[in-house]
>>> print(open('query.pdb').read())   # PDB, C-alpha atoms
ATOM      1  CA  MET A   2     -71.480 -45.895  28.009
ATOM      2  CA  THR A   3     -68.569 -44.477  26.020
ATOM      3  CA  LYS A   4     -65.794 -42.427  27.545
ATOM      4  CA  VAL A   5     -64.500 -39.603  25.338
ATOM      5  CA  VAL A   6     -60.762 -39.584  25.914
ATOM      6  CA  LEU A   7     -58.240 -36.940  24.829
ATOM      7  CA  PRO A   8     -56.129 -38.832  22.268
ATOM      8  CA  GLU A   9     -52.448 -38.433  21.459
ATOM      9  CA  LEU A  10     -52.138 -35.127  19.581
ATOM     10  CA  GLY A  11     -48.449 -35.302  18.800
ATOM     11  CA  GLU A  12     -45.016 -35.884  20.158
ATOM     12  CA  GLY A  13     -44.366 -33.731  23.220
ATOM     13  CA  ILE A  14     -47.988 -32.595  23.572
ATOM     14  CA  GLU A  15     -49.190 -33.702  27.000
ATOM     15  CA  LYS A  16     -52.182 -31.428  27.498
ATOM     16  CA  ALA A  17     -54.614 -29.104  25.760
ATOM     17  CA  THR A  18     -57.155 -26.473  26.766
ATOM     18  CA  VAL A  19     -60.853 -27.004  26.124
ATOM     19  CA  SER A  20     -61.869 -24.055  23.957
ATOM     20  CA  TYR A  21     -65.398 -24.935  22.762
ATOM     21  CA  TRP A  22     -68.076 -27.574  23.317
ATOM     22  CA  TYR A  23     -70.353 -27.985  20.305
ATOM     23  CA  PHE A  24     -73.022 -29.663  22.475
ATOM     24  CA  LYS A  25     -74.455 -29.228  25.949
ATOM     25  CA  GLU A  26     -75.025 -31.970  28.500
ATOM     26  CA  GLY A  27     -78.210 -33.872  27.677
ATOM     27  CA  GLU A  28     -78.054 -33.238  23.921
ATOM     28  CA  LYS A  29     -77.932 -35.980  21.340
ATOM     29  CA  VAL A  30     -74.786 -36.371  19.248
ATOM     30  CA  ASN A  31     -74.025 -38.399  16.156
ATOM     31  CA  GLU A  32     -70.869 -40.330  15.515
ATOM     32  CA  LYS A  33     -68.223 -38.105  13.841
ATOM     33  CA  ASP A  34     -70.026 -34.875  14.786
ATOM     34  CA  ASP A  35     -67.639 -32.155  15.922
ATOM     35  CA  LEU A  36     -67.865 -32.642  19.699
ATOM     36  CA  VAL A  37     -65.253 -30.473  21.330
ATOM     37  CA  GLU A  38     -62.536 -28.089  20.210
ATOM     38  CA  LEU A  39     -59.206 -28.118  22.061
ATOM     39  CA  THR A  40     -56.366 -25.652  21.801
ATOM     40  CA  THR A  41     -52.644 -26.160  22.130
ATOM     41  CA  ASP A  42     -50.051 -23.421  21.722
ATOM     42  CA  LYS A  43     -50.624 -22.566  18.041
ATOM     43  CA  ALA A  44     -53.233 -25.058  16.961
ATOM     44  CA  THR A  45     -56.875 -25.814  17.521
ATOM     45  CA  PHE A  46     -57.972 -29.404  17.252
ATOM     46  CA  ASN A  47     -61.532 -30.681  16.809
ATOM     47  CA  LEU A  48     -62.324 -33.982  18.443
ATOM     48  CA  PRO A  49     -65.213 -35.794  16.742
ATOM     49  CA  SER A  50     -67.721 -37.819  18.699
ATOM     50  CA  PRO A  51     -66.621 -41.480  18.844
ATOM     51  CA  CYS A  52     -70.249 -42.714  18.766
ATOM     52  CA  SER A  53     -73.906 -41.695  18.590
ATOM     53  CA  GLY A  54     -75.879 -41.172  21.790
ATOM     54  CA  THR A  55     -76.592 -38.625  24.511
ATOM     55  CA  LEU A  56     -73.842 -36.479  25.935
ATOM     56  CA  THR A  57     -74.597 -37.175  29.583
ATOM     57  CA  GLU A  58     -71.603 -35.646  31.308
ATOM     58  CA  ILE A  59     -68.950 -33.052  30.479
ATOM     59  CA  LEU A  60     -65.987 -33.456  32.831
ATOM     60  CA  PHE A  61     -63.782 -30.621  31.525
ATOM     61  CA  HIS A  62     -65.329 -27.283  30.673
ATOM     62  CA  GLU A  63     -64.223 -24.420  28.416
ATOM     63  CA  GLY A  64     -60.973 -22.978  29.754
ATOM     64  CA  ASP A  65     -60.023 -26.186  31.605
ATOM     65  CA  THR A  66     -56.751 -27.950  30.868
ATOM     66  CA  VAL A  67     -56.942 -31.655  30.140
ATOM     67  CA  ASN A  68     -54.117 -34.200  29.916
ATOM     68  CA  VAL A  69     -53.748 -36.734  27.118
ATOM     69  CA  GLY A  70     -55.547 -39.929  28.153
ATOM     70  CA  GLU A  71     -58.018 -38.188  30.495
ATOM     71  CA  VAL A  72     -61.770 -38.571  30.052
ATOM     72  CA  LEU A  73     -63.401 -35.416  28.676
ATOM     73  CA  ALA A  74     -66.993 -36.570  28.620
ATOM     74  CA  ILE A  75     -69.399 -39.501  28.800
ATOM     75  CA  ILE A  76     -71.775 -40.474  26.001
ATOM     76  CA  GLU A  77     -74.570 -42.971  26.599
ATOM     77  CA  GLY A  78     -76.630 -44.444  23.885
TER      78      GLY A  78
ATOM     79  CA  MET B   6     -48.282 -38.103  -2.654
ATOM     80  CA  GLU B   7     -49.887 -35.352  -4.700
ATOM     81  CA  PHE B   8     -51.079 -31.865  -3.882
ATOM     82  CA  ARG B   9     -52.254 -28.878  -5.876
ATOM     83  CA  VAL B  10     -51.703 -25.155  -5.533
ATOM     84  CA  PHE B  11     -54.132 -22.256  -5.802
ATOM     85  CA  ASP B  12     -52.626 -18.812  -6.152
ATOM     86  CA  LEU B  13     -55.349 -16.342  -5.156
ATOM     87  CA  GLY B  14     -53.197 -13.205  -5.423
ATOM     88  CA  LEU B  15     -54.437 -10.277  -3.331
ATOM     89  CA  VAL B  16     -57.695 -11.484  -1.805
ATOM     90  CA  ASP B  17     -59.884 -10.468   1.152
ATOM     91  CA  PHE B  18     -59.190 -12.525   4.252
ATOM     92  CA  GLN B  19     -62.815 -13.623   4.456
ATOM     93  CA  LYS B  20     -62.867 -14.957   0.893
ATOM     94  CA  ALA B  21     -59.692 -16.946   1.439
ATOM     95  CA  TRP B  22     -61.143 -18.231   4.723
ATOM     96  CA  GLN B  23     -64.337 -19.378   2.979
ATOM     97  CA  PHE B  24     -62.281 -21.003   0.246
ATOM     98  CA  GLN B  25     -60.264 -22.946   2.832
ATOM     99  CA  ARG B  26     -63.477 -24.233   4.393
ATOM    100  CA  LYS B  27     -64.755 -25.330   0.997
ATOM    101  CA  LEU B  28     -61.500 -27.160   0.317
ATOM    102  CA  PHE B  29     -61.693 -28.690   3.800
ATOM    103  CA  THR B  30     -65.161 -30.086   3.050
ATOM    104  CA  ASP B  31     -64.039 -31.367  -0.354
ATOM    105  CA  LEU B  32     -61.011 -33.049   1.185
ATOM    106  CA  LYS B  33     -63.105 -34.582   3.967
ATOM    107  CA  THR B  34     -65.555 -36.062   1.467
ATOM    108  CA  GLY B  35     -62.774 -37.308  -0.770
ATOM    109  CA  SER B  36     -63.535 -35.028  -3.725
ATOM    110  CA  SER B  37     -60.280 -33.104  -3.420
ATOM    111  CA  ILE B  38     -56.628 -33.706  -2.659
ATOM    112  CA  SER B  39     -54.402 -31.788  -0.245
ATOM    113  CA  THR B  40     -54.108 -28.193  -1.434
ATOM    114  CA  LEU B  41     -51.819 -25.268  -0.798
ATOM    115  CA  ILE B  42     -53.333 -21.784  -1.091
ATOM    116  CA  LEU B  43     -51.000 -18.860  -1.696
ATOM    117  CA  CYS B  44     -52.250 -15.293  -1.331
ATOM    118  CA  GLN B  45     -51.871 -11.832   0.159
ATOM    119  CA  HIS B  46     -54.487  -9.913   2.121
ATOM    120  CA  PRO B  47     -55.551  -6.289   2.414
ATOM    121  CA  PRO B  48     -54.813  -5.152   6.012
ATOM    122  CA  VAL B  49     -56.598  -7.295   8.586
ATOM    123  CA  ILE B  50     -56.251  -8.320  12.223
ATOM    124  CA  THR B  51     -57.179 -11.838  13.248
ATOM    125  CA  LEU B  52     -57.807 -13.191  16.722
ATOM    126  CA  GLY B  53     -57.058 -16.841  17.409
ATOM    127  CA  ARG B  54     -59.269 -18.975  19.644
ATOM    128  CA  LEU B  55     -57.739 -18.014  22.996
ATOM    129  CA  ALA B  56     -56.755 -14.460  22.035
ATOM    130  CA  ASP B  57     -56.976 -11.576  24.475
ATOM    131  CA  LYS B  58     -58.627  -8.544  22.831
ATOM    132  CA  LYS B  59     -56.497  -6.309  25.040
ATOM    133  CA  ASN B  60     -53.602  -7.231  22.774
ATOM    134  CA  ILE B  61     -55.108  -4.983  20.107
ATOM    135  CA  LEU B  62     -53.534  -1.687  21.127
ATOM    136  CA  ALA B  63     -55.179   0.566  18.524
ATOM    137  CA  SER B  64     -58.648   2.023  19.043
ATOM    138  CA  LYS B  65     -61.597   0.917  16.929
ATOM    139  CA  GLN B  66     -61.607   4.342  15.280
ATOM    140  CA  GLU B  67     -57.913   4.092  14.421
ATOM    141  CA  LEU B  68     -58.444   0.685  12.821
ATOM    142  CA  LYS B  69     -61.498   1.990  10.954
ATOM    143  CA  ASN B  70     -59.505   4.953   9.628
ATOM    144  CA  LYS B  71     -56.867   2.567   8.342
ATOM    145  CA  GLY B  72     -59.502   0.269   6.838
ATOM    146  CA  ILE B  73     -58.381  -2.664   8.963
ATOM    147  CA  GLN B  74     -61.006  -5.283   9.710
ATOM    148  CA  ILE B  75     -60.956  -7.702  12.644
ATOM    149  CA  TYR B  76     -61.878 -11.381  12.433
ATOM    150  CA  GLU B  77     -62.231 -13.879  15.248
ATOM    151  CA  ILE B  78     -61.220 -17.192  13.752
ATOM    152  CA  GLU B  79     -60.767 -20.824  14.761
ATOM    153  CA  ARG B  80     -56.980 -21.072  14.521
ATOM    154  CA  GLY B  81     -54.675 -21.442  17.487
ATOM    155  CA  GLY B  82     -52.593 -18.553  18.781
ATOM    156  CA  ASP B  83     -53.395 -15.013  19.906
ATOM    157  CA  VAL B  84     -53.723 -11.833  17.823
ATOM    158  CA  THR B  85     -51.844 -11.049  14.620
ATOM    159  CA  TYR B  86     -51.820  -8.714  11.646
ATOM    160  CA  HIS B  87     -51.852  -9.583   7.956
ATOM    161  CA  GLY B  88     -51.297  -7.157   5.099
ATOM    162  CA  PRO B  89     -50.331  -6.956   1.436
ATOM    163  CA  GLY B  90     -46.626  -7.086   2.266
ATOM    164  CA  GLN B  91     -46.949 -10.595   3.659
ATOM    165  CA  PHE B  92     -46.841 -13.837   1.763
ATOM    166  CA  MET B  93     -49.606 -16.119   3.071
ATOM    167  CA  ALA B  94     -49.578 -19.901   2.692
ATOM    168  CA  TYR B  95     -52.589 -21.943   3.788
ATOM    169  CA  PRO B  96     -51.982 -25.676   3.526
ATOM    170  CA  VAL B  97     -55.273 -27.571   3.548
ATOM    171  CA  PHE B  98     -53.572 -30.919   4.052
ATOM    172  CA  ASN B  99     -54.975 -34.275   5.106
ATOM    173  CA  LEU B 100     -52.632 -35.373   7.902
ATOM    174  CA  ASN B 101     -54.177 -38.840   7.784
ATOM    175  CA  HIS B 102     -51.950 -39.210   4.696
ATOM    176  CA  PHE B 103     -48.899 -37.614   6.327
ATOM    177  CA  LYS B 104     -48.548 -37.931  10.086
ATOM    178  CA  LYS B 105     -51.222 -37.401  12.742
ATOM    179  CA  ASP B 106     -49.065 -35.185  14.892
ATOM    180  CA  ILE B 107     -49.749 -31.474  15.506
ATOM    181  CA  ASN B 108     -46.185 -30.692  16.566
ATOM    182  CA  TRP B 109     -44.749 -32.482  13.541
ATOM    183  CA  PHE B 110     -46.909 -30.357  11.239
ATOM    184  CA  LEU B 111     -45.973 -27.075  12.962
ATOM    185  CA  ARG B 112     -42.251 -27.953  12.813
ATOM    186  CA  GLN B 113     -42.613 -28.899   9.129
ATOM    187  CA  LEU B 114     -44.104 -25.476   8.360
ATOM    188  CA  GLU B 115     -41.201 -23.817  10.176
ATOM    189  CA  GLU B 116     -38.811 -25.985   8.176
ATOM    190  CA  VAL B 117     -40.410 -24.803   4.918
ATOM    191  CA  VAL B 118     -39.765 -21.171   5.905
ATOM    192  CA  ILE B 119     -36.208 -21.851   7.128
ATOM    193  CA  HIS B 120     -35.302 -23.534   3.813
ATOM    194  CA  PHE B 121     -37.092 -20.825   1.822
ATOM    195  CA  LEU B 122     -35.010 -18.129   3.541
ATOM    196  CA  SER B 123     -31.783 -20.092   3.267
ATOM    197  CA  ASP B 124     -31.976 -19.629  -0.536
ATOM    198  CA  PHE B 125     -31.381 -15.933   0.175
ATOM    199  CA  GLY B 126     -28.389 -16.752   2.349
ATOM    200  CA  ILE B 127     -30.426 -16.011   5.470
ATOM    201  CA  ARG B 128     -29.835 -18.146   8.529
ATOM    202  CA  ALA B 129     -33.283 -18.333  10.107
ATOM    203  CA  ALA B 130     -34.096 -20.340  13.200
ATOM    204  CA  ARG B 131     -36.748 -21.530  15.609
ATOM    205  CA  CYS B 132     -37.039 -19.977  19.038
ATOM    206  CA  ASN B 133     -37.153 -22.545  21.812
ATOM    207  CA  GLY B 134     -40.668 -23.034  23.158
ATOM    208  CA  LEU B 135     -42.286 -20.738  20.595
ATOM    209  CA  THR B 136     -43.812 -21.399  17.194
ATOM    210  CA  GLY B 137     -42.631 -19.341  14.216
ATOM    211  CA  VAL B 138     -39.363 -18.441  12.511
ATOM    212  CA  TRP B 139     -36.852 -15.846  13.629
ATOM    213  CA  VAL B 140     -33.905 -14.005  12.075
ATOM    214  CA  ASN B 141     -31.523 -12.356  14.536
ATOM    215  CA  ARG B 142     -34.115 -12.669  17.311
ATOM    216  CA  GLN B 143     -36.722 -10.836  15.239
ATOM    217  CA  LYS B 144     -39.752 -12.699  13.989
ATOM    218  CA  ILE B 145     -40.102 -13.068  10.230
ATOM    219  CA  ALA B 146     -42.808 -15.751   9.964
ATOM    220  CA  SER B 147     -45.889 -16.532  12.069
ATOM    221  CA  ILE B 148     -47.858 -19.763  12.207
ATOM    222  CA  GLY B 149     -51.349 -20.579  13.456
ATOM    223  CA  ILE B 150     -53.411 -23.568  12.407
ATOM    224  CA  ALA B 151     -56.678 -25.380  12.949
ATOM    225  CA  ILE B 152     -57.200 -29.119  12.547
ATOM    226  CA  LYS B 153     -60.483 -30.960  12.037
ATOM    227  CA  ASN B 154     -60.618 -34.681  11.243
ATOM    228  CA  TRP B 155     -56.829 -34.355  10.959
ATOM    229  CA  ILE B 156     -57.319 -31.940   8.047
ATOM    230  CA  THR B 157     -55.460 -28.661   8.463
ATOM    231  CA  PHE B 158     -56.393 -25.117   7.587
ATOM    232  CA  HIS B 159     -55.053 -21.610   8.252
ATOM    233  CA  GLY B 160     -51.250 -21.665   8.125
ATOM    234  CA  LEU B 161     -48.294 -19.340   7.885
ATOM    235  CA  SER B 162     -47.408 -15.776   6.981
ATOM    236  CA  ILE B 163     -43.961 -14.569   5.964
ATOM    237  CA  ASN B 164     -43.153 -10.866   6.254
ATOM    238  CA  ILE B 165     -41.715  -9.731   2.925
ATOM    239  CA  LYS B 166     -42.225  -5.963   2.453
ATOM    240  CA  LYS B 167     -40.649  -3.752   5.086
ATOM    241  CA  ASP B 168     -43.274  -0.996   4.738
ATOM    242  CA  ASP B 169     -45.978  -3.312   6.033
ATOM    243  CA  LEU B 170     -44.251  -3.825   9.403
ATOM    244  CA  ASN B 171     -45.562  -0.538  10.824
ATOM    245  CA  ASN B 172     -49.031  -1.999  11.287
ATOM    246  CA  PHE B 173     -47.690  -4.548  13.781
ATOM    247  CA  LYS B 174     -47.426  -1.600  16.176
ATOM    248  CA  LEU B 175     -51.224  -1.633  16.366
ATOM    249  CA  LEU B 176     -51.122  -4.818  18.437
ATOM    250  CA  ARG B 177     -49.078  -7.071  20.682
ATOM    251  CA  SER B 178     -48.471  -9.780  18.112
ATOM    252  CA  CYS B 179     -49.128 -13.263  19.495
ATOM    253  CA  GLY B 180     -49.835 -11.598  22.846
ATOM    254  CA  MET B 181     -46.142 -10.909  23.368
ATOM    255  CA  ASP B 182     -43.720  -8.033  22.908
ATOM    256  CA  ILE B 183     -42.134  -9.369  19.754
ATOM    257  CA  GLU B 184     -40.041  -7.373  17.327
ATOM    258  CA  MET B 185     -40.926  -8.207  13.743
ATOM    259  CA  THR B 186     -38.711  -8.097  10.698
ATOM    260  CA  ALA B 187     -39.236  -8.627   6.973
ATOM    261  CA  LEU B 188     -37.280 -10.198   4.132
ATOM    262  CA  GLU B 189     -36.644  -6.768   2.583
ATOM    263  CA  THR B 190     -35.291  -5.456   5.886
ATOM    264  CA  VAL B 191     -32.903  -8.376   6.285
ATOM    265  CA  LEU B 192     -31.680  -8.212   2.671
ATOM    266  CA  GLY B 193     -31.637  -4.420   2.390
ATOM    267  CA  ARG B 194     -33.310  -4.438  -1.026
ATOM    268  CA  ASN B 195     -36.765  -4.566  -2.617
ATOM    269  CA  ILE B 196     -38.393  -7.928  -3.202
ATOM    270  CA  GLU B 197     -41.491  -8.637  -5.293
ATOM    271  CA  ILE B 198     -43.732 -11.285  -3.741
ATOM    272  CA  GLU B 199     -44.650 -12.591  -7.190
ATOM    273  CA  SER B 200     -41.060 -13.701  -7.703
ATOM    274  CA  LEU B 201     -41.120 -15.868  -4.557
ATOM    275  CA  LYS B 202     -44.064 -18.119  -5.293
ATOM    276  CA  ARG B 203     -42.360 -20.962  -7.153
ATOM    277  CA  SER B 204     -39.626 -21.060  -4.551
ATOM    278  CA  LEU B 205     -42.073 -21.477  -1.662
ATOM    279  CA  ILE B 206     -44.030 -24.162  -3.534
ATOM    280  CA  GLN B 207     -40.753 -25.990  -4.156
ATOM    281  CA  LYS B 208     -39.943 -25.946  -0.433
ATOM    282  CA  PHE B 209     -43.351 -27.432   0.402
ATOM    283  CA  LYS B 210     -42.631 -30.208  -2.120
ATOM    284  CA  GLU B 211     -39.233 -30.936  -0.622
ATOM    285  CA  ILE B 212     -40.177 -30.785   3.050
ATOM    286  CA  PHE B 213     -43.500 -32.643   2.794
ATOM    287  CA  LEU B 214     -42.267 -34.998   0.024
ATOM    288  CA  ILE B 215     -45.219 -34.193  -2.221
ATOM    289  CA  GLN B 216     -45.698 -33.683  -5.941
ATOM    290  CA  GLU B 217     -47.645 -30.846  -7.488
ATOM    291  CA  VAL B 218     -50.461 -31.621  -9.883
ATOM    292  CA  PHE B 219     -52.039 -29.114 -12.208
ATOM    293  CA  ASP B 220     -55.794 -29.352 -12.618
ATOM    294  CA  ASP B 221     -58.937 -27.390 -13.339
ATOM    295  CA  GLN B 222     -58.644 -23.856 -11.966
ATOM    296  CA  SER B 223     -62.401 -23.224 -11.979
ATOM    297  CA  CYS B 224     -62.505 -22.802  -8.190
ATOM    298  CA  LEU B 225     -59.958 -20.057  -8.493
ATOM    299  CA  THR B 226     -62.015 -18.320 -11.157
ATOM    300  CA  ARG B 227     -65.107 -18.459  -8.955
ATOM    301  CA  ILE B 228     -63.416 -16.949  -5.925
ATOM    302  CA  ARG B 229     -61.937 -14.155  -7.998
ATOM    303  CA  ARG B 230     -65.412 -13.389  -9.261
ATOM    304  CA  GLY B 231     -66.565 -13.247  -5.672
ATOM    305  CA  ASN B 232     -69.105 -16.092  -5.838
TER     306      ASN B 232
END
>>> encode(input="query.pdb", output="structure tokens")
Amino acid sequence: MTKVVLPELGEGIEKATVSYWYFKEGEKVNEKDDLVELTTDKATFNLPSPCSGTLTEILFHEGDTVNVGEVLAIIEG
Amino acid sequence: MEFRVFDLGLVDFQKAWQFQRKLFTDLKTGSSISTLILCQHPPVITLGRLADKKNILASKQELKNKGIQIYEIERGGDVTYHGPGQFMAYPVFNLNHFKKDINWFLRQLEEVVIHFLSDFGIRAARCNGLTGVWVNRQKIASIGIAIKNWITFHGLSINIKKDDLNNFKLLRSCGMDIEMTALETVLGRNIEIESLKRSLIQKFKEIFLIQEVFDDQSCLTRIRRGN
């Protein structure tokens, strides 16, 4: 099981808004696939999948705000 | 570190957008280096990822009559206008080779504009809590970017020609009631965008500590041909 964590995006950036999931729960993902797009004030940021497997759980949905260090999703594989 | 520059001149937004994505792919696969695209666009409105369509104040018919197209794109920020009186700069830069920090990159772009304007004796500044560059509390440059694999695309626009400012009345730029200004308005004289290009490139070199390389311009030829 791999936890997908929101990484450090830059100095002073503590949170971001989930703007787009490229996959749905239950779908297979490959390492480095675009997994989720997050938006800060004037930037969008694509987080790639850290591993290959099945996206079993999405914990923050489109429109939700997530803090740096929080778990966005679970991938099992 | 090296980078190259493509000057596309007046080019449709969509073509420049496609070209950025091609450069992004090339940079990701290692077949390109960081690249700065300079261009101008025919009138267009773009909506950033979390934009509210209500911030477009003009009707569809009004926009159609003016020949203004709308694009929903993957950059950050709300709604904005681009036209031929603006100087566009799209840095497709690999931040893995600079600094993996979104705020750092945004502040660097602002710094480029502030230094660029200072050559005209203009004291431009940031506005606390907002992204962009202001002169006397009026906005002169807008910034909106996207980052994938720490590679950037989209970028900044600097208002140059005063006549082009009227089209900002068609929308609430950035979703706020912002008064825009242009370089010509501040200086009180005409400015040709062509004359500004080397100066802006120089500021990118100084602020990002990069060196320009000159290489095959075949990509530029292709995009001008519309392929």
>>> closest_residue(input="query.pdb", among="A:Leu36, A:Leu48, A:Val30, A:Val19", to="Val67 of chain A", atoms="only C-alpha atoms")
A:Val19
>>> closest_residue(input="query.pdb", among="A:Lys16, A:Val37, A:Leu7, A:Pro49", to="chain B", atoms="all atoms listed in the file")
A:Pro49
>>> interface_residues(input="query.pdb", of="chain B", to="chain A", cutoff="6 Å", atoms="all atoms listed in the file", output="list in words")
Arg80, Gly81, Gly82, Asp106, Ile107, Asn108, Gly149, Ile150, Ala151, Ile152 and Lys153 of chain B
>>> resolve_selection(input="query.pdb", expression="the PyMOL selection byres ((chain A and resi 68) around 7)", output="JSON, numbers by chain")
{"A": [15, 16, 17, 66, 67, 69, 70, 71]}
>>> residues_around(input="query.pdb", residues="Leu114 of chain B", least_positions_apart="4", cutoff="9 Å", atoms="all atoms listed in the file", output="PDB file with C-alpha atoms, keeping the file's coordinate frame")
ATOM      1  CA  TRP B 109     -44.749 -32.482  13.541  1.00  0.00           C
ATOM      2  CA  PHE B 110     -46.909 -30.357  11.239  1.00  0.00           C
ATOM      3  CA  VAL B 118     -39.765 -21.171   5.905  1.00  0.00           C
ATOM      4  CA  ILE B 119     -36.208 -21.851   7.128  1.00  0.00           C
ATOM      5  CA  GLY B 137     -42.631 -19.341  14.216  1.00  0.00           C
ATOM      6  CA  ILE B 148     -47.858 -19.763  12.207  1.00  0.00           C
ATOM      7  CA  GLY B 160     -51.250 -21.665   8.125  1.00  0.00           C
ATOM      8  CA  LEU B 161     -48.294 -19.340   7.885  1.00  0.00           C
ATOM      9  CA  PHE B 209     -43.351 -27.432   0.402  1.00  0.00           C
ATOM     10  CA  ILE B 212     -40.177 -30.785   3.050  1.00  0.00           C
TER      11      ILE B 212
END
>>> residues_around(input="query.pdb", residues="Glu26 of chain A", least_positions_apart="2", cutoff="12 Å", atoms="all atoms listed in the file", output="JSON, numbers by chain")
{"A": [22, 23, 24, 28, 29, 30, 36, 54, 55, 56, 57, 58, 59, 60, 61, 62, 74, 75, 76, 77]}
>>> atom_distance(input="query.pdb", atom1="atom CA of Lys208 of chain B", atom2="atom CA of Phe158 of chain B")
18.3 Å
>>> resolve_selection(input="query.pdb", expression="the PyMOL selection byres ((chain B and resi 78) around 7)", output="ChimeraX atom specification")
/B:51-54,76-77,79-80
>>> resolve_selection(input="query.pdb", expression="the PyMOL selection byres ((chain B and resi 6) around 7)", output="CSV table (one decimal) with C-alpha atoms, in the frame of the given file")
chain,number,residue,atom,x,y,z
B,7,GLU,CA,-49.9,-35.4,-4.7
B,8,PHE,CA,-51.1,-31.9,-3.9
B,215,ILE,CA,-45.2,-34.2,-2.2
B,216,GLN,CA,-45.7,-33.7,-5.9
>>> decode(input="query.pdb", residues="segment 65-121 of chain B", atoms="C-alpha atoms", output="JSON list (two decimals), in the first residue's frame")
[["chain", "number", "residue", "atom", "x", "y", "z"],
["B", 65, "LYS", "CA", -21.33, 35.51, -26.39],
["B", 66, "GLN", "CA", -22.64, 37.59, -29.28],
["B", 67, "GLU", "CA", -20.53, 40.59, -28.26],
["B", 68, "LEU", "CA", -17.41, 38.42, -28.13],
["B", 69, "LYS", "CA", -18.30, 36.85, -31.48],
["B", 70, "ASN", "CA", -18.74, 40.29, -33.05],
["B", 71, "LYS", "CA", -15.30, 41.26, -31.81],
["B", 72, "GLY", "CA", -13.80, 37.98, -33.01],
["B", 73, "ILE", "CA", -12.69, 37.03, -29.51],
["B", 74, "GLN", "CA", -12.37, 33.32, -28.82],
["B", 75, "ILE", "CA", -12.52, 31.69, -25.39],
["B", 76, "TYR", "CA", -10.23, 28.90, -24.21],
["B", 77, "GLU", "CA", -10.41, 26.90, -21.01],
["B", 78, "ILE", "CA", -6.83, 26.05, -20.18],
["B", 79, "GLU", "CA", -4.80, 24.28, -17.50],
["B", 80, "ARG", "CA", -3.04, 27.28, -15.97],
["B", 81, "GLY", "CA", -3.75, 28.64, -12.52],
["B", 82, "GLY", "CA", -5.74, 31.82, -12.00],
["B", 83, "ASP", "CA", -9.17, 33.02, -13.13],
["B", 84, "VAL", "CA", -10.17, 34.75, -16.37],
["B", 85, "THR", "CA", -7.99, 37.09, -18.43],
["B", 86, "TYR", "CA", -7.73, 38.74, -21.82],
["B", 87, "HIS", "CA", -4.85, 38.64, -24.28],
["B", 88, "GLY", "CA", -4.52, 40.76, -27.40],
["B", 89, "PRO", "CA", -2.01, 42.07, -29.92],
["B", 90, "GLY", "CA", -1.02, 44.96, -27.65],
["B", 91, "GLN", "CA", 0.39, 42.58, -25.06],
["B", 92, "PHE", "CA", 3.82, 41.06, -24.96],
["B", 93, "MET", "CA", 3.52, 37.37, -24.05],
["B", 94, "ALA", "CA", 6.35, 35.32, -22.55],
["B", 95, "TYR", "CA", 5.91, 31.58, -22.02],
["B", 96, "PRO", "CA", 8.86, 30.03, -20.21],
["B", 97, "VAL", "CA", 8.88, 26.26, -20.70],
["B", 98, "PHE", "CA", 11.51, 25.73, -18.01],
["B", 99, "ASN", "CA", 12.61, 22.59, -16.21],
["B", 100, "LEU", "CA", 12.51, 23.59, -12.54],
["B", 101, "ASN", "CA", 14.37, 20.39, -11.66],
["B", 102, "HIS", "CA", 17.39, 22.36, -12.93],
["B", 103, "PHE", "CA", 16.45, 25.58, -11.13],
["B", 104, "LYS", "CA", 14.46, 25.28, -7.92],
["B", 105, "LYS", "CA", 11.42, 23.08, -7.24],
["B", 106, "ASP", "CA", 9.39, 25.86, -5.70],
["B", 107, "ILE", "CA", 6.21, 27.30, -7.26],
["B", 108, "ASN", "CA", 6.38, 30.55, -5.30],
["B", 109, "TRP", "CA", 10.03, 31.06, -6.19],
["B", 110, "PHE", "CA", 9.19, 30.73, -9.89],
["B", 111, "LEU", "CA", 6.23, 33.14, -9.70],
["B", 112, "ARG", "CA", 8.34, 35.73, -7.83],
["B", 113, "GLN", "CA", 11.14, 35.31, -10.39],
["B", 114, "LEU", "CA", 8.71, 36.08, -13.22],
["B", 115, "GLU", "CA", 7.56, 39.19, -11.37],
["B", 116, "GLU", "CA", 11.19, 40.16, -10.89],
["B", 117, "VAL", "CA", 11.81, 39.87, -14.64],
["B", 118, "VAL", "CA", 8.95, 42.32, -15.31],
["B", 119, "ILE", "CA", 10.01, 44.73, -12.54],
["B", 120, "HIS", "CA", 13.57, 44.90, -13.93],
["B", 121, "PHE", "CA", 12.28, 45.16, -17.51]]
